[in-house]
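J.: Sending over a structure as structure tokens; questions will come in a sec.
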Amino acid sequence: MLNKMLFHQFPKFKSWLTRIQYEFVSTMVKDHGAVFMNFGYAPRHSDVEPLELHPEDEYHRYPLQLYHHVAKHIGWNNVEALEVSSGRGGGAHFIMRHFKPKSYTGVDFSTRAIEFCRKHYKAEGLHFQHGNAEALNFPDNSFDVVVNVEASLYYPNISKFFAHVKRVLKPNGYFLYTDLRYQEKVEAWHKQLKEIGLKLVQSEDITDNVLKALELDREQRIRLIKTYSPKILQKIFYEFIGLDPNAPAENLPHLDNRRYWYFVLQKA
Ligand SMILES: C[S@@+](CC[C@H](N)C(=O)[O-])C[C@H]1O[C@@H](n2cnc3c(N)ncnc32)[C@H](O)[C@@H]1O
């Protein structure tokens, strides 16, 4: 309830709190235990071939599958990509290794997350730099692809971010975008997206896939919170990911009446 009120009534304050929250995560977690910070994705039907992963990626299967789902619809050959709000870089590093673009630049407003990424990922063409989604300082027409995963909900003025996406994309470039919104805000969100002036290539409600991932990843998420979060904050983190560790395992996680969507847009 408080979370929802902050999002809707005080977006700038919420953004400030978000920054503190993500700086805190990178202060608490120094290792690779939490290189992804999204709710994850799982196919809904068991007849879908599981994504083949390197053994070291298996631990991050569900959040990594969200990046795979976001990235798999376009060709990556010779692509120069920008990810806005790349967090602790797990997705950037995965896309670099799996889809092999020419270059991939991750930007985040958490200075500690950027420090972590610069220290931990050494791959040619993979760069990280500090920046704000609403004030990107890249030249016009400089990227073939812009990626944004579960972050725009925190931006106080999303129109500014969308205007930058359109500006920095090269003609025919793609915007690969996924995020969640409270049910009653979904229609307005879709309208804002239409107003960017990019062509909508694909859109999909993936809420059920995200809920399935949360369900399958339940034990690991509980373990993560127990490992990294001080006891006094654990309840907040459990609520944040829609889990009650004391409830029977068959109690399904929830997204607090929010819907999760995925979009592919293209600059004409
Ligand atoms: C839920 S995490 C997702 C991180 C990453 N995309 C992932 O899936 O692992 C949200 C990220 O958005 C970043 N963020 C929030 N507001 C931002 C802003 N205005 N500019 C840049 N990054 C921002 C946070 O620092 C955090 O790393």
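Scheme for the structure tokens: letters A, B, ... for chains in order shown; per-chain residue numbers from 1; ligand numbers from 1 in order shown.
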Skip Trp189 (chain A) itself and residues of its chain fewer than 5 positions away, then list as an NGL selection string all residues within 12 Å of it, counting only C-alpha atoms.

T.: :A and (152-153 or 158-159 or 162 or 178-184 or 194-196 or 259-261 or 263)

J.: Which residues are near ligand 1 in this structure, taking near to mean any atom at most 7 Å from a ligand atom and counting only C-alpha atoms and all ligand atoms? Format them as a PyMOL selection string.

T.: chain A and resi 15+18-19+22+35-38+63+84-91+107-110+113+131-134+148-152+154-155

J.: Could you check how far CA of Lys102 (chain A) sits from CA of Lys170 (chain A), in Å to one decimal?

T.: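 Rounded to one decimal, the two atoms are 15.0 Å apart.
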
J.: Counting only C-alpha atoms, figure out which residue out of A:Asn78, A:Arg97, A:His68, A:Ile241 gets nearest to Pro50 (chain A).

T.: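 For Pro50 (chain A), the nearest of the given residues is A:His68.
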
J.: Considering only C-alpha atoms, return as a list in words whatever protein or nucleic-acid residues lie within 8 Å of Leu66 (chain A), sequence-local ones (same chain, fewer than 4 positions apart) excluded.

T.: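 The residues satisfying every condition are Gly40, Tyr41, Ala42, Tyr62 and Val70 of chain A.
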